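What follows is the content of my_file_31.txt, which has compact mmCIF, C-alpha atoms and all ligand atoms:
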```txt
# COMPACT_ATOMS: atom_id res chain seq x y z
CA MET A 1 0.00 0.00 0.00
CA THR A 2 1.40 3.40 -0.91
CA ILE A 3 1.48 6.37 1.41
CA PHE A 4 -1.03 8.07 -0.85
CA ASN A 5 -3.49 5.22 -0.37
CA ILE A 6 -3.12 5.27 3.42
CA ILE A 7 -3.83 9.02 3.53
CA THR A 8 -6.86 8.54 1.31
CA ILE A 9 -8.23 5.77 3.51
CA ASN A 10 -7.55 7.80 6.64
CA SER A 11 -9.38 10.83 5.37
CA PHE A 12 -12.21 8.62 4.14
CA LEU A 13 -12.51 7.01 7.58
CA SER A 14 -12.39 10.29 9.49
CA GLY A 15 -15.02 11.69 7.13
CA LEU A 16 -17.17 8.65 7.85
CA ILE A 17 -16.79 9.08 11.60
CA ILE A 18 -17.73 12.75 11.40
CA SER A 19 -20.83 11.84 9.35
CA LEU A 20 -21.83 9.17 11.84
CA ASN A 21 -21.37 11.55 14.75
CA SER A 22 -23.53 14.23 13.22
CA LEU A 23 -26.13 11.62 12.34
CA ILE A 24 -26.27 10.34 15.91
CA PHE A 25 -26.36 13.77 17.54
CA SER A 26 -28.83 15.31 15.13
CA ASP A 27 -31.20 12.41 15.66
CA PHE A 28 -30.82 12.30 19.41
CA ASN A 29 -32.85 15.25 20.51
CA PHE A 30 -36.08 15.58 22.40
CA ASP A 31 -38.20 16.28 19.31
CA SER A 32 -37.56 13.03 17.52
CA PHE A 33 -37.50 11.13 20.78
CA SER A 34 -40.94 12.13 21.98
CA LYS A 35 -42.82 13.12 18.85
CA ASN A 36 -46.11 11.29 18.45
CA VAL A 37 -45.81 9.76 21.87
CA ASP A 38 -49.23 10.14 23.44
CA GLU A 39 -48.11 9.55 26.98
CA ILE A 40 -45.05 10.56 28.95
CA LYS A 41 -44.02 9.21 32.32
CA ILE A 42 -42.16 11.62 34.57
CA GLU A 43 -40.61 10.98 37.96
CA VAL A 44 -39.68 13.85 40.23
CA ILE A 45 -37.67 13.22 43.37
CA SER A 46 -38.08 15.35 46.48
CA ASN A 47 -36.05 15.01 49.66
CA ASP A 48 -35.28 16.35 53.12
CA GLN A 49 -33.16 19.08 51.50
CA MET A 50 -36.28 20.58 49.90
CA GLU A 51 -35.19 19.86 46.34
CA PHE A 52 -37.12 18.88 43.24
CA ILE A 53 -34.98 16.65 41.00
CA PRO A 54 -35.29 17.43 38.16
CA ASN A 55 -36.76 20.91 38.46
CA MET A 56 -37.17 21.32 34.70
CA LEU A 57 -39.70 19.12 32.88
CA LEU A 58 -40.18 19.01 29.13
CA VAL A 59 -43.34 17.67 27.47
CA ASN A 60 -45.28 18.15 24.27
CA ALA A 61 -48.68 19.80 24.05
CA GLY A 62 -51.45 17.22 24.06
CA GLN A 63 -49.47 14.54 25.83
CA LYS A 64 -50.94 12.69 28.73
CA ILE A 65 -48.56 13.17 31.64
CA VAL A 66 -48.18 10.44 34.25
CA LEU A 67 -46.24 12.18 36.98
CA THR A 68 -44.89 10.51 40.10
CA LEU A 69 -43.55 12.56 42.97
CA LYS A 70 -41.27 10.59 45.29
CA HIS A 71 -39.98 11.67 48.68
CA THR A 72 -36.64 10.01 49.30
CA GLY A 73 -36.14 11.71 52.66
CA LYS A 74 -36.74 10.38 56.17
CA LEU A 75 -38.85 13.13 57.71
CA ASP A 76 -42.58 12.93 58.32
CA LYS A 77 -44.98 14.89 56.16
CA SER A 78 -45.97 17.03 59.16
CA ILE A 79 -42.50 18.61 59.22
CA MET A 80 -41.08 17.96 55.72
CA GLY A 81 -44.21 17.40 53.64
CA HIS A 82 -43.94 17.83 49.87
CA ASN A 83 -46.40 18.06 47.07
CA LEU A 84 -46.11 19.20 43.47
CA VAL A 85 -48.60 21.84 42.45
CA LEU A 86 -48.65 22.90 38.81
CA LEU A 87 -49.87 26.47 38.43
CA LYS A 88 -51.61 28.23 35.58
CA LYS A 89 -49.62 30.84 33.67
CA GLY A 90 -49.63 34.25 35.29
CA THR A 91 -50.04 32.92 38.82
CA SER A 92 -47.92 34.65 41.45
CA ILE A 93 -46.01 31.92 43.28
CA GLU A 94 -45.70 34.17 46.31
CA LYS A 95 -49.42 34.98 46.50
CA PHE A 96 -50.36 31.36 45.94
CA GLY A 97 -47.86 30.20 48.57
CA GLN A 98 -49.22 32.66 51.09
CA ALA A 99 -52.81 31.61 50.37
CA ALA A 100 -51.89 27.92 50.73
CA LEU A 101 -50.66 28.57 54.28
CA THR A 102 -54.21 28.83 55.57
CA PHE A 103 -55.30 25.47 54.14
CA SER A 104 -53.41 23.14 56.47
CA GLN A 105 -56.57 21.04 56.90
CA ASN A 106 -56.53 20.42 53.12
CA ASP A 107 -52.80 19.56 52.87
CA TYR A 108 -52.03 23.16 51.83
CA ILE A 109 -54.13 23.05 48.67
CA PRO A 110 -56.38 26.14 48.60
CA THR A 111 -59.94 25.00 47.96
CA ASN A 112 -60.92 28.43 46.62
CA SER A 113 -58.20 28.73 43.97
CA ASN A 114 -58.63 28.46 40.21
CA ALA A 115 -54.87 28.75 39.65
CA ILE A 116 -54.13 25.01 39.85
CA ILE A 117 -53.72 22.78 36.81
CA ALA A 118 -52.80 19.61 38.73
CA TYR A 119 -51.40 18.60 42.10
CA THR A 120 -50.13 15.52 43.88
CA ASP A 121 -50.87 14.38 47.40
CA LEU A 122 -48.80 15.81 50.21
CA ILE A 123 -46.25 13.13 51.10
CA GLY A 124 -43.57 12.46 53.69
CA GLY A 125 -40.28 10.56 53.59
CA GLY A 126 -40.53 7.20 51.83
CA GLU A 127 -43.88 7.96 50.23
CA SER A 128 -44.90 8.72 46.65
CA SER A 129 -47.91 10.08 44.78
CA THR A 130 -48.81 9.59 41.12
CA ILE A 131 -51.18 11.76 39.13
CA THR A 132 -52.30 11.77 35.50
CA PHE A 133 -53.26 14.89 33.61
CA ASP A 134 -53.16 16.34 30.11
CA ALA A 135 -50.34 18.70 29.20
CA PRO A 136 -51.66 22.26 29.01
CA GLU A 137 -51.15 24.42 25.92
CA LYS A 138 -47.66 25.43 24.81
CA GLY A 139 -45.86 27.60 27.28
CA ILE A 140 -43.82 27.66 30.45
CA TYR A 141 -45.51 26.83 33.73
CA ASP A 142 -44.35 27.00 37.33
CA PHE A 143 -44.67 24.13 39.75
CA ILE A 144 -44.09 24.43 43.46
CA CYS A 145 -44.41 22.63 46.76
CA SER A 146 -47.14 24.42 48.69
CA PHE A 147 -46.00 23.25 52.15
CA PRO A 148 -45.42 26.34 54.34
CA GLY A 149 -42.18 28.08 53.43
CA HIS A 150 -41.13 25.54 50.79
CA TRP A 151 -42.45 27.37 47.74
CA SER A 152 -39.72 30.01 47.95
CA ILE A 153 -37.08 27.41 47.05
CA MET A 154 -38.99 24.27 46.04
CA LYS A 155 -40.06 25.21 42.57
CA GLY A 156 -39.49 24.28 38.96
CA LYS A 157 -40.67 24.76 35.42
CA LEU A 158 -42.81 22.64 33.14
CA ILE A 159 -42.06 23.49 29.53
CA VAL A 160 -44.75 22.49 27.05
CA LYS A 161 -43.54 22.49 23.45
CU CU A 201 -42.11 20.67 50.30
```

For the file at hand, write its structure as structure tokens.
Ligand SMILES: [Cu+2]
Amino acid sequence: MTIFNIITINSFLSGLIISLNSLIFSDFNFDSFSKNVDEIKIEVISNDQMEFIPNMLLVNAGQKIVLTLKHTGKLDKSIMGHNLVLLKKGTSIEKFGQAALTFSQNDYIPTNSNAIIAYTDLIGGGESSTITFDAPEKGIYDFICSFPGHWSIMKGKLIVK
């Protein structure tokens, strides 16, 4: 084999690898992954550190969302209770959080609010709650934990494409 041939084969191979890479990466994005999928299952972890993991959720308009909130902490729901409350666009998290304070008998879900799209049960360490709801129209929505004081840090975004 001549040196010329080796160089030709090398450049052919590296060209092939670059093509394969761009093929893989261009195909591996959320659009092609979830398009035409009617249902999406999402798991959100909460813990004794008052975190939502992940705190950014991505779905497509029209999808049925099966959302499970897990509490991987050890503390009881009376002191470290968590829920996930998805709010309509334009809702003030602060105002909603303040209003929720007065609904301790209803697990901090205001019974007089029309700002809620969906919400899980209030859970303590080791527990979980699953809900099913339809993705709202395209847009960016806030979700929070409405347990007293948690909403200021326990919050995330649902992005509907
Ligand atoms: Cu909480």

Which residues of chain A have any atom within 7 Å of an atom in ligand CU 201 (chain A) when counting all atoms listed in the file, and what is the closest pair of atoms for each, with the distance in Å to one decimal? Order the rows by chain and rising number and write it as JSON lines.
```
{"residue": "A:Met50", "atom": "CA", "partner": "A:CU201", "partner_atom": "CU", "distance": 5.8}
{"residue": "A:Met80", "atom": "CA", "partner": "A:CU201", "partner_atom": "CU", "distance": 6.1}
{"residue": "A:Gly81", "atom": "CA", "partner": "A:CU201", "partner_atom": "CU", "distance": 5.1}
{"residue": "A:His82", "atom": "CA", "partner": "A:CU201", "partner_atom": "CU", "distance": 3.4}
{"residue": "A:Asn83", "atom": "CA", "partner": "A:CU201", "partner_atom": "CU", "distance": 6.0}
{"residue": "A:Cys145", "atom": "CA", "partner": "A:CU201", "partner_atom": "CU", "distance": 4.7}
{"residue": "A:Ser146", "atom": "CA", "partner": "A:CU201", "partner_atom": "CU", "distance": 6.5}
{"residue": "A:Phe147", "atom": "CA", "partner": "A:CU201", "partner_atom": "CU", "distance": 5.0}
{"residue": "A:His150", "atom": "CA", "partner": "A:CU201", "partner_atom": "CU", "distance": 5.0}
{"residue": "A:Met154", "atom": "CA", "partner": "A:CU201", "partner_atom": "CU", "distance": 6.4}
```

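Interatomic distance, atom CA of Asn114 of chain A against atom CA of Asp38 of chain A: 26.6 Å.
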
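If all atoms listed in the file are the atoms counted, then among A:Ile117, A:Pro148, A:Lys138, A:Gly125 the closest residue to Phe103 of chain A is A:Pro148.
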
May I ask which of the residues A:Gln98, A:Glu39, A:Thr111, A:Lys161 is the closest one to Lys64 of chain A, counting only C-alpha atoms?
A:Glu39

In terms of the shortest atom-to-atom distance over only C-alpha atoms, which of A:Asp76, A:Ser113, A:Leu84, A:Gly126 is closest to Asn55 of chain A?
A:Leu84

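For the atom pair formed by atom CA of Ile116 of chain A and atom CA of Trp151 of chain A, the distance is 14.3 Å, given to one decimal.
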
Would you fill out segment 41-66 of chain A with N, CA and C atoms and return it as a short mmCIF file (atom, residue, chain, number, x, y, z; two decimals), in the frame of the given file?
```
data_model
loop_
_atom_site.label_atom_id
_atom_site.label_comp_id
_atom_site.auth_asym_id
_atom_site.auth_seq_id
_atom_site.Cartn_x
_atom_site.Cartn_y
_atom_site.Cartn_z
N LYS A 41 -44.13 9.50 30.89
CA LYS A 41 -44.02 9.21 32.32
C LYS A 41 -42.86 10.05 32.88
N ILE A 42 -43.17 10.74 33.96
CA ILE A 42 -42.16 11.62 34.57
C ILE A 42 -42.05 11.28 36.05
N GLU A 43 -40.81 11.20 36.53
CA GLU A 43 -40.61 10.98 37.96
C GLU A 43 -39.82 12.16 38.52
N VAL A 44 -40.37 12.75 39.56
CA VAL A 44 -39.68 13.85 40.23
C VAL A 44 -39.37 13.41 41.66
N ILE A 45 -38.11 13.58 42.02
CA ILE A 45 -37.67 13.22 43.37
C ILE A 45 -37.70 14.46 44.25
N SER A 46 -38.22 14.31 45.46
CA SER A 46 -38.08 15.35 46.48
C SER A 46 -37.39 14.71 47.68
N ASN A 47 -36.86 15.57 48.57
CA ASN A 47 -36.05 15.01 49.66
C ASN A 47 -36.10 15.91 50.89
N ASP A 48 -35.32 15.55 51.89
CA ASP A 48 -35.28 16.35 53.12
C ASP A 48 -34.52 17.65 52.94
N GLN A 49 -33.87 17.83 51.79
CA GLN A 49 -33.16 19.08 51.50
C GLN A 49 -34.04 20.05 50.71
N MET A 50 -35.32 19.72 50.60
CA MET A 50 -36.28 20.58 49.90
C MET A 50 -35.89 20.83 48.44
N GLU A 51 -35.54 19.75 47.76
CA GLU A 51 -35.19 19.86 46.34
C GLU A 51 -36.24 19.13 45.50
N PHE A 52 -36.42 19.62 44.29
CA PHE A 52 -37.12 18.88 43.24
C PHE A 52 -36.05 18.44 42.24
N ILE A 53 -35.96 17.15 41.97
CA ILE A 53 -34.98 16.65 41.00
C ILE A 53 -35.69 15.76 39.98
N PRO A 54 -35.77 16.16 38.71
CA PRO A 54 -35.29 17.43 38.16
C PRO A 54 -36.27 18.55 38.46
N ASN A 55 -35.83 19.79 38.25
CA ASN A 55 -36.76 20.91 38.46
C ASN A 55 -37.14 21.55 37.12
N MET A 56 -36.79 20.86 36.04
CA MET A 56 -37.17 21.32 34.70
C MET A 56 -37.76 20.13 33.95
N LEU A 57 -39.03 20.24 33.55
CA LEU A 57 -39.70 19.12 32.88
C LEU A 57 -40.11 19.57 31.49
N LEU A 58 -39.92 18.68 30.53
CA LEU A 58 -40.18 19.01 29.13
C LEU A 58 -41.20 18.03 28.57
N VAL A 59 -42.32 18.54 28.06
CA VAL A 59 -43.34 17.67 27.47
C VAL A 59 -43.86 18.33 26.20
N ASN A 60 -44.65 17.60 25.46
CA ASN A 60 -45.28 18.15 24.27
C ASN A 60 -46.75 18.43 24.55
N ALA A 61 -47.27 19.47 23.91
CA ALA A 61 -48.68 19.80 24.05
C ALA A 61 -49.51 18.58 23.65
N GLY A 62 -50.55 18.32 24.39
CA GLY A 62 -51.45 17.22 24.06
C GLY A 62 -51.07 15.89 24.67
N GLN A 63 -49.88 15.81 25.22
CA GLN A 63 -49.47 14.54 25.83
C GLN A 63 -50.21 14.31 27.14
N LYS A 64 -50.45 13.05 27.41
CA LYS A 64 -50.94 12.69 28.73
C LYS A 64 -49.70 12.51 29.62
N ILE A 65 -49.70 13.21 30.74
CA ILE A 65 -48.56 13.17 31.64
C ILE A 65 -48.89 12.28 32.84
N VAL A 66 -48.06 11.26 33.04
CA VAL A 66 -48.18 10.44 34.25
C VAL A 66 -47.00 10.82 35.14
#
```
